[in-house]
>>> print(open('entry22.txt').read())   # compact mmCIF, C-alpha atoms and all ligand atoms
# COMPACT_ATOMS: atom_id res chain seq x y z
CA MET C 14 -71.97 41.03 69.08
CA ASP C 15 -71.03 37.70 70.56
CA ASP C 16 -72.48 36.02 67.56
CA ARG C 17 -70.50 38.22 65.09
CA GLN C 18 -67.09 37.72 66.59
CA PRO C 19 -66.76 34.06 65.65
CA GLU C 20 -68.07 34.97 62.16
CA GLY C 21 -65.19 37.52 61.75
CA LYS C 22 -62.57 35.05 62.97
CA LYS C 23 -63.86 32.49 60.47
CA LYS C 24 -63.43 35.03 57.60
CA ILE C 25 -59.86 35.82 58.65
CA ARG C 26 -59.02 32.08 58.76
CA TRP C 27 -60.48 31.56 55.28
CA GLY C 28 -58.57 34.61 54.01
CA ARG C 29 -55.22 33.25 55.35
CA PHE C 30 -56.03 29.85 53.96
CA LEU C 31 -56.71 31.29 50.49
CA LEU C 32 -53.51 33.38 50.68
CA TRP C 33 -51.54 30.26 51.65
CA ILE C 34 -53.05 28.36 48.70
CA CYS C 35 -52.13 31.18 46.32
CA VAL C 36 -48.55 31.52 47.62
CA THR C 37 -48.08 27.76 47.47
CA ALA C 38 -49.50 27.60 43.94
CA VAL C 39 -47.26 30.42 42.74
CA THR C 40 -44.19 28.84 44.39
CA VAL C 41 -44.90 25.42 42.85
CA ALA C 42 -45.45 27.04 39.45
CA ALA C 43 -42.20 29.01 39.74
CA VAL C 44 -40.18 25.93 40.75
CA TRP C 45 -41.74 23.95 37.89
CA ILE C 46 -40.84 26.65 35.35
CA LEU C 47 -37.26 26.81 36.69
CA LEU C 48 -36.93 23.02 36.44
CA GLN C 49 -38.02 23.16 32.79
CA LEU C 50 -35.32 25.73 32.03
CA VAL C 51 -32.50 23.53 33.41
CA PRO C 52 -31.69 20.84 30.75
CA LYS C 53 -31.75 17.32 32.11
CA GLU C 54 -28.62 15.14 31.87
CA ASP C 55 -30.16 12.63 29.44
CA GLU C 56 -31.18 15.39 27.10
CA ASN C 57 -27.59 16.66 27.05
CA VAL C 58 -26.36 13.22 25.96
CA ASP C 59 -29.03 13.11 23.25
CA VAL C 60 -27.93 16.50 21.96
CA LEU C 61 -24.29 15.29 21.81
CA LEU C 62 -25.26 12.13 20.01
CA ASP C 63 -27.22 14.11 17.46
CA THR C 64 -24.29 16.44 16.74
CA PRO C 65 -22.22 15.22 13.78
CA VAL C 66 -18.59 14.50 14.77
CA GLU C 67 -16.05 16.64 12.92
CA LEU C 68 -13.34 14.37 11.42
CA GLU C 69 -9.83 15.73 11.74
CA THR C 70 -8.29 13.61 8.97
CA GLU C 71 -8.40 14.58 5.30
CA PRO C 72 -10.76 12.47 3.21
CA MET C 73 -8.94 9.91 1.04
CA THR C 74 -8.59 10.65 -2.65
CA GLU C 75 -10.36 8.41 -5.13
CA ALA C 76 -7.10 6.75 -6.17
CA GLU C 77 -6.15 5.98 -2.56
CA THR C 78 -9.52 4.51 -1.70
CA GLU C 79 -9.38 2.21 -4.69
CA THR C 80 -5.96 0.65 -4.21
CA GLY C 81 -4.31 2.20 -1.18
CA CYS C 82 -1.80 3.63 -3.70
CA VAL C 83 -1.51 6.91 -5.59
CA VAL C 84 -0.77 5.09 -8.86
CA PRO C 85 -3.93 3.48 -10.26
CA GLU C 86 -3.70 -0.28 -10.65
CA PRO C 87 -3.12 -1.25 -14.31
CA PRO C 88 -5.42 -3.91 -15.82
CA ILE C 89 -4.01 -7.24 -14.63
CA ASP C 90 -5.12 -10.63 -15.91
CA GLU C 91 -4.74 -12.90 -12.90
CA GLN C 92 -3.85 -16.43 -14.01
CA LEU C 93 -2.07 -17.85 -11.00
CA LEU C 94 0.06 -20.92 -11.64
CA THR C 95 -0.71 -24.20 -9.91
CA ILE C 96 1.53 -24.54 -6.87
CA ASN C 97 4.38 -26.87 -7.85
CA ASP C 98 8.14 -27.30 -7.36
CA TYR C 99 9.12 -26.00 -10.81
CA SER C 100 7.40 -22.60 -11.19
CA ARG C 101 5.41 -21.72 -8.07
CA PRO C 102 6.68 -23.21 -4.81
CA GLY C 103 3.99 -21.35 -2.86
CA GLU C 104 6.50 -19.96 -0.35
CA PRO C 105 6.46 -16.39 0.97
CA ILE C 106 9.42 -14.13 0.22
CA ASP C 107 11.48 -12.76 3.13
CA ALA C 108 10.84 -9.09 2.30
CA LEU C 109 9.79 -7.05 -0.71
CA GLU C 110 12.78 -4.79 -1.37
CA TYR C 111 13.38 -4.92 -5.13
CA ILE C 112 11.53 -4.90 -8.43
CA VAL C 113 13.53 -6.91 -10.98
CA ILE C 114 12.97 -6.31 -14.71
CA HIS C 115 13.56 -9.12 -17.27
CA TYR C 116 13.02 -9.97 -20.91
CA LEU C 117 11.93 -13.35 -22.24
CA ALA C 118 14.76 -14.34 -24.59
CA ASN C 119 12.20 -15.75 -27.00
CA PRO C 120 11.15 -13.17 -29.66
CA LYS C 121 7.50 -12.89 -30.80
CA THR C 122 6.12 -15.17 -28.09
CA THR C 123 3.03 -13.84 -26.31
CA ALA C 124 2.46 -13.34 -22.60
CA GLN C 125 -0.12 -16.13 -22.68
CA GLN C 126 2.28 -18.59 -24.34
CA ASN C 127 4.94 -17.85 -21.73
CA HIS C 128 2.43 -18.17 -18.91
CA ASP C 129 1.33 -21.54 -20.27
CA TYR C 130 4.96 -22.64 -20.53
CA PHE C 131 5.52 -21.76 -16.86
CA GLU C 132 2.41 -23.75 -15.99
CA SER C 133 3.57 -26.75 -18.04
CA LEU C 134 6.81 -27.00 -16.03
CA LYS C 135 4.93 -28.81 -13.26
CA ASP C 136 4.59 -31.73 -15.70
CA LEU C 137 7.79 -31.33 -17.74
CA GLN C 138 9.86 -31.19 -14.53
CA ASN C 139 13.02 -30.37 -16.49
CA THR C 140 13.67 -26.79 -15.39
CA SER C 141 12.56 -24.21 -12.86
CA MET C 142 11.36 -20.88 -14.21
CA SER C 143 8.62 -18.28 -13.69
CA ALA C 144 7.93 -14.63 -12.87
CA ASN C 145 5.36 -12.78 -10.83
CA PHE C 146 4.18 -10.86 -13.92
CA ILE C 147 4.54 -11.11 -17.70
CA VAL C 148 3.97 -8.04 -19.88
CA GLY C 149 2.95 -8.92 -23.46
CA ILE C 150 3.65 -7.34 -26.84
CA ASP C 151 0.32 -5.48 -26.81
CA GLY C 152 0.90 -4.27 -23.24
CA GLU C 153 -1.30 -6.92 -21.61
CA ILE C 154 -0.25 -7.99 -18.12
CA ILE C 155 -0.63 -11.55 -16.77
CA GLU C 156 -0.03 -12.26 -13.08
CA CYS C 157 1.43 -15.75 -12.62
CA VAL C 158 2.62 -15.66 -9.02
CA PRO C 159 1.15 -13.34 -6.35
CA VAL C 160 3.31 -10.49 -5.08
CA GLY C 161 4.95 -11.65 -1.86
CA GLU C 162 5.40 -15.23 -3.09
CA ILE C 163 8.61 -16.71 -4.50
CA ALA C 164 8.88 -16.83 -8.30
CA TYR C 165 11.85 -18.45 -10.05
CA ALA C 166 13.24 -15.51 -12.03
CA SER C 167 15.94 -13.52 -10.26
CA ASN C 168 18.23 -16.13 -8.67
CA SER C 169 19.56 -14.90 -5.31
CA MET C 170 16.98 -12.07 -5.33
CA ASN C 171 13.93 -14.35 -5.58
CA HIS C 172 13.29 -14.12 -1.83
CA LEU C 173 13.53 -10.31 -1.76
CA SER C 174 11.78 -9.19 -4.92
CA VAL C 175 8.89 -9.10 -7.35
CA SER C 176 9.80 -9.96 -10.95
CA ILE C 177 8.44 -8.63 -14.25
CA GLU C 178 9.16 -10.50 -17.51
CA ASN C 179 8.65 -8.64 -20.79
CA CYS C 180 7.87 -9.99 -24.26
CA HIS C 181 9.58 -8.50 -27.33
CA LEU C 182 9.59 -8.82 -31.11
CA ASP C 183 13.16 -9.35 -32.27
CA GLU C 184 16.70 -10.23 -31.26
CA THR C 185 17.46 -6.66 -30.10
CA GLY C 186 15.20 -7.33 -27.10
CA ARG C 187 13.76 -3.82 -27.34
CA PHE C 188 10.25 -3.58 -25.88
CA THR C 189 7.38 -2.41 -28.10
CA GLN C 190 5.93 0.94 -27.04
CA ASP C 191 2.88 -0.87 -25.58
CA THR C 192 5.08 -3.27 -23.59
CA TYR C 193 7.25 -0.38 -22.41
CA ASN C 194 4.25 1.71 -21.30
CA SER C 195 2.64 -1.19 -19.40
CA CYS C 196 5.95 -2.12 -17.77
CA VAL C 197 6.43 1.51 -16.64
CA HIS C 198 2.86 1.60 -15.29
CA LEU C 199 3.12 -1.75 -13.47
CA THR C 200 6.55 -0.91 -12.02
CA ALA C 201 5.30 2.51 -10.85
CA TYR C 202 2.22 0.89 -9.29
CA LEU C 203 4.29 -1.70 -7.39
CA ALA C 204 6.96 0.85 -6.37
CA ALA C 205 4.36 3.28 -5.00
CA LYS C 206 2.31 0.56 -3.33
CA TYR C 207 5.23 -1.14 -1.59
CA GLY C 208 7.46 1.92 -1.01
CA ILE C 209 10.29 0.86 -3.36
CA ASP C 210 12.64 3.66 -4.48
CA ARG C 211 14.44 4.21 -7.80
CA GLU C 212 17.65 2.47 -6.75
CA HIS C 213 15.75 -0.69 -5.84
CA ILE C 214 14.31 -1.02 -9.34
CA ILE C 215 16.95 -3.24 -10.93
CA ARG C 216 17.67 -5.52 -13.89
CA HIS C 217 18.32 -9.25 -13.78
CA TYR C 218 21.77 -8.15 -15.05
CA ASP C 219 22.38 -6.27 -11.79
CA VAL C 220 21.87 -9.52 -9.84
CA THR C 221 23.86 -12.06 -11.88
CA GLY C 222 25.49 -10.20 -14.79
CA LYS C 223 23.20 -12.07 -17.23
CA GLU C 224 22.30 -9.96 -20.29
CA CYS C 225 18.69 -9.56 -19.23
CA PRO C 226 16.79 -7.47 -20.27
CA LEU C 227 19.20 -7.43 -23.26
CA TYR C 228 18.33 -4.05 -24.85
CA TYR C 229 18.43 -2.28 -21.49
CA VAL C 230 21.78 -3.87 -20.62
CA GLU C 231 23.32 -2.87 -23.98
CA HIS C 232 21.80 0.63 -23.71
CA GLU C 233 22.50 1.89 -20.23
CA ASP C 234 20.96 5.30 -21.11
CA LYS C 235 17.66 3.59 -22.03
CA TRP C 236 17.67 1.77 -18.70
CA GLU C 237 18.16 5.02 -16.79
CA GLU C 238 15.40 6.55 -18.93
CA PHE C 239 13.10 3.67 -17.93
CA ARG C 240 13.69 4.30 -14.23
CA ASP C 241 13.18 8.06 -14.77
CA ASP C 242 9.90 7.34 -16.56
CA VAL C 243 8.73 5.19 -13.62
CA MET C 244 9.54 7.90 -11.08
CA ASP C 245 7.95 10.61 -13.29
CA TYR C 246 4.79 8.50 -13.56
CA ILE C 247 4.56 8.26 -9.75
CA GLU C 248 5.07 12.04 -9.43
CA GLU C 249 2.33 12.71 -12.02
CA CYS C 250 -0.07 10.45 -10.09
CA LYS C 251 0.78 12.26 -6.83
CA LYS C 252 0.05 15.61 -8.48
CA ALA C 253 -3.23 14.30 -9.89
CA ALA C 254 -4.19 13.07 -6.40
CA GLY C 255 -3.34 16.48 -4.94
CA GLN C 256 -0.54 15.13 -2.75
CA ASP C 257 2.28 17.20 -4.16
ZN ZN L 1 15.92 -12.33 -16.56
>>> encode(input="entry22.txt", output="C-alpha cells", more="lines below")
Ligand SMILES: [Zn+2]
Amino acid sequence: MDDRQPEGKKKIRWGRFLLWICVTAVTVAAVWILLQLVPKEDENVDVLLDTPVELETEPMTEAETETGCVVPEPPIDEQLLTINDYSRPGEPIDALEYIVIHYLANPKTTAQQNHDYFESLKDLQNTSMSANFIVGIDGEIIECVPVGEIAYASNSMNHLSVSIENCHLDETGRFTQDTYNSCVHLTAYLAAKYGIDREHIIRHYDVTGKECPLYYVEHEDKWEEFRDDVMDYIEECKKAAGQD
C-alpha cells in the first residue's frame, strides 16, 4: 500500500500537468486567432493606398486640355519679328483689355509681304508700324509679335491691346470670306482665352477716328455683324464642349 500511494500521487501530478499544457495550448491558439482577425495598422494604410482616390472635379474637355480655352486655336504661322525700335520694341503691355481690328490700306498685298515689310523697318528706320497678327487673303494667319507684347498698330491702345491686321483685295477694304472667317476665329479664340467681352472688341477707328478697317467703318451694320459672329462662334464652341 505504501508503495502504491506515491504511484497514485505521481499520476495525479502528470494529469494536472497535461491539463495545464492543454489549457495553455488552447489559450495561446485562441489569442493567436484573435490577433489575426484584428487588422494591423500598417495593413490599414496599405489598403488606403491601394484604394483609388475619387476626384471631385469634372474632367477637362478635349478643347480645354489643348489650349486652356473653349475655342480651338486656329492655325497660326509664328514668324516673330526681330526685336527692334521700329516694329517690335520687345516691351510687355500693361494689360490685355482690348482686341483691335485693322485693315492694311494696301490692296492685294499678302500677309507674308506685310510681315516682311514690318521686319524690314528695323533697317529702313523711317517709320514705326506692326501688328500682333496679320490675316491674309486666303485666311492664313501670321503672328508677328507675341500676345502681351507691344505692337505698333493702335496708337494710345498699344499698351492695352492685341492687334489684328487684315489683308483685302480692293479699295472697298472688304475682307474676302476666307479673311473674314479667319479673323472671326482668331478674335473668338483670343476673346475666350483672355476673357475679353464684345464691347472690348474694337476698331482702330474707335481709338483715333482713322478710317480703319475702312469697310467696317463705312458699314456700321457689318461691324456689328462681325462682333455678333465672334460671340456666336464662342457660344457654339461652349456648346460643343458641353459647357452651356
Ligand atoms: Zn489700323
>>> closest_atom_pairs(input="entry22.txt", of="range 163-253 of chain C", to="range 111-133 of chain C", cutoff="10 Å", atoms="all atoms listed in the file", output="CSV")
residue,atom,partner,partner_atom,distance
C:Tyr165,CA,C:Phe131,CA,9.9
C:Ala166,CA,C:His115,CA,8.3
C:Ser167,CA,C:Val113,CA,7.1
C:Met170,CA,C:Tyr111,CA,8.0
C:Asn171,CA,C:Val113,CA,9.2
C:His172,CA,C:Tyr111,CA,9.8
C:Leu173,CA,C:Tyr111,CA,6.4
C:Ser174,CA,C:Tyr111,CA,4.6
C:Val175,CA,C:Ile112,CA,5.1
C:Ser176,CA,C:Val113,CA,4.8
C:Ile177,CA,C:Ile114,CA,5.1
C:Glu178,CA,C:His115,CA,4.6
C:Asn179,CA,C:Tyr116,CA,4.6
C:Cys180,CA,C:Leu117,CA,5.6
C:His181,CA,C:Pro120,CA,5.5
C:Leu182,CA,C:Lys121,CA,4.6
C:Asp183,CA,C:Pro120,CA,5.0
C:Glu184,CA,C:Pro120,CA,6.5
C:Thr185,CA,C:Pro120,CA,9.1
C:Gly186,CA,C:Tyr116,CA,7.1
C:Arg187,CA,C:Tyr116,CA,8.9
C:Phe188,CA,C:Tyr116,CA,8.6
C:Cys196,CA,C:Ile114,CA,8.7
C:Thr200,CA,C:Ile112,CA,7.3
C:Ala201,CA,C:Ile112,CA,10.0
C:Leu203,CA,C:Ile112,CA,8.0
C:Ala204,CA,C:Ile112,CA,7.6
C:Tyr207,CA,C:Tyr111,CA,9.7
C:Gly208,CA,C:Tyr111,CA,9.9
C:Ile209,CA,C:Tyr111,CA,6.8
C:Asp210,CA,C:Tyr111,CA,8.6
C:Arg211,CA,C:Tyr111,CA,9.6
C:Glu212,CA,C:Tyr111,CA,8.7
C:His213,CA,C:Tyr111,CA,4.9
C:Ile214,CA,C:Ile112,CA,4.9
C:Ile215,CA,C:Val113,CA,5.0
C:Arg216,CA,C:Ile114,CA,4.8
C:His217,CA,C:His115,CA,5.9
C:Tyr218,CA,C:His115,CA,8.6
C:Asp219,CA,C:Val113,CA,8.9
C:Val220,CA,C:Val113,CA,8.8
C:Glu224,CA,C:His115,CA,9.3
C:Cys225,CA,C:His115,CA,5.5
C:Pro226,CA,C:Tyr116,CA,4.6
C:Leu227,CA,C:Tyr116,CA,7.1
C:Tyr228,CA,C:Tyr116,CA,8.9
C:Tyr229,CA,C:His115,CA,9.4
>>> atom_distance(input="entry22.txt", atom1="CA of Glu248 in chain C", atom2="CA of Val83 in chain C")
9.2 Å
>>> closest_residue(input="entry22.txt", among="C:Lys135, C:Lys223, C:Lys206, C:Arg26", to="ligand ZN 1 (chain L)", atoms="only C-alpha atoms and all ligand atoms")
C:Lys223
>>> closest_residue(input="entry22.txt", among="C:Gln190, C:Thr40, C:Ser195, C:Ser143", to="ligand ZN 1 (chain L)", atoms="only C-alpha atoms and all ligand atoms")
C:Ser143
>>> closest_residue(input="entry22.txt", among="C:Asn139, C:Asn168, C:Gln256, C:Thr189", to="ligand ZN 1 (chain L)", atoms="only C-alpha atoms and all ligand atoms")
C:Asn168
>>> closest_residue(input="entry22.txt", among="C:Ala164, C:Val197, C:Ala108, C:Ala205", to="ligand ZN 1 (chain L)", atoms="all atoms listed in the file")
C:Ala164
>>> atom_distance(input="entry22.txt", atom1="CA of Gln92 in chain C", atom2="CA of Cys157 in chain C")
5.5 Å
>>> closest_residue(input="entry22.txt", among="C:Glu238, C:Ala144, C:Pro159, C:Ile247", to="ligand ZN 1 (chain L)", atoms="all atoms listed in the file")
C:Ala144
>>> atom_distance(input="entry22.txt", atom1="CA of Ser141 in chain C", atom2="CA of Glu104 in chain C")
14.5 Å
>>> closest_residue(input="entry22.txt", among="C:Gln138, C:Val230, C:Val158, C:Glu153", to="ligand ZN 1 (chain L)", atoms="all atoms listed in the file")
C:Val230
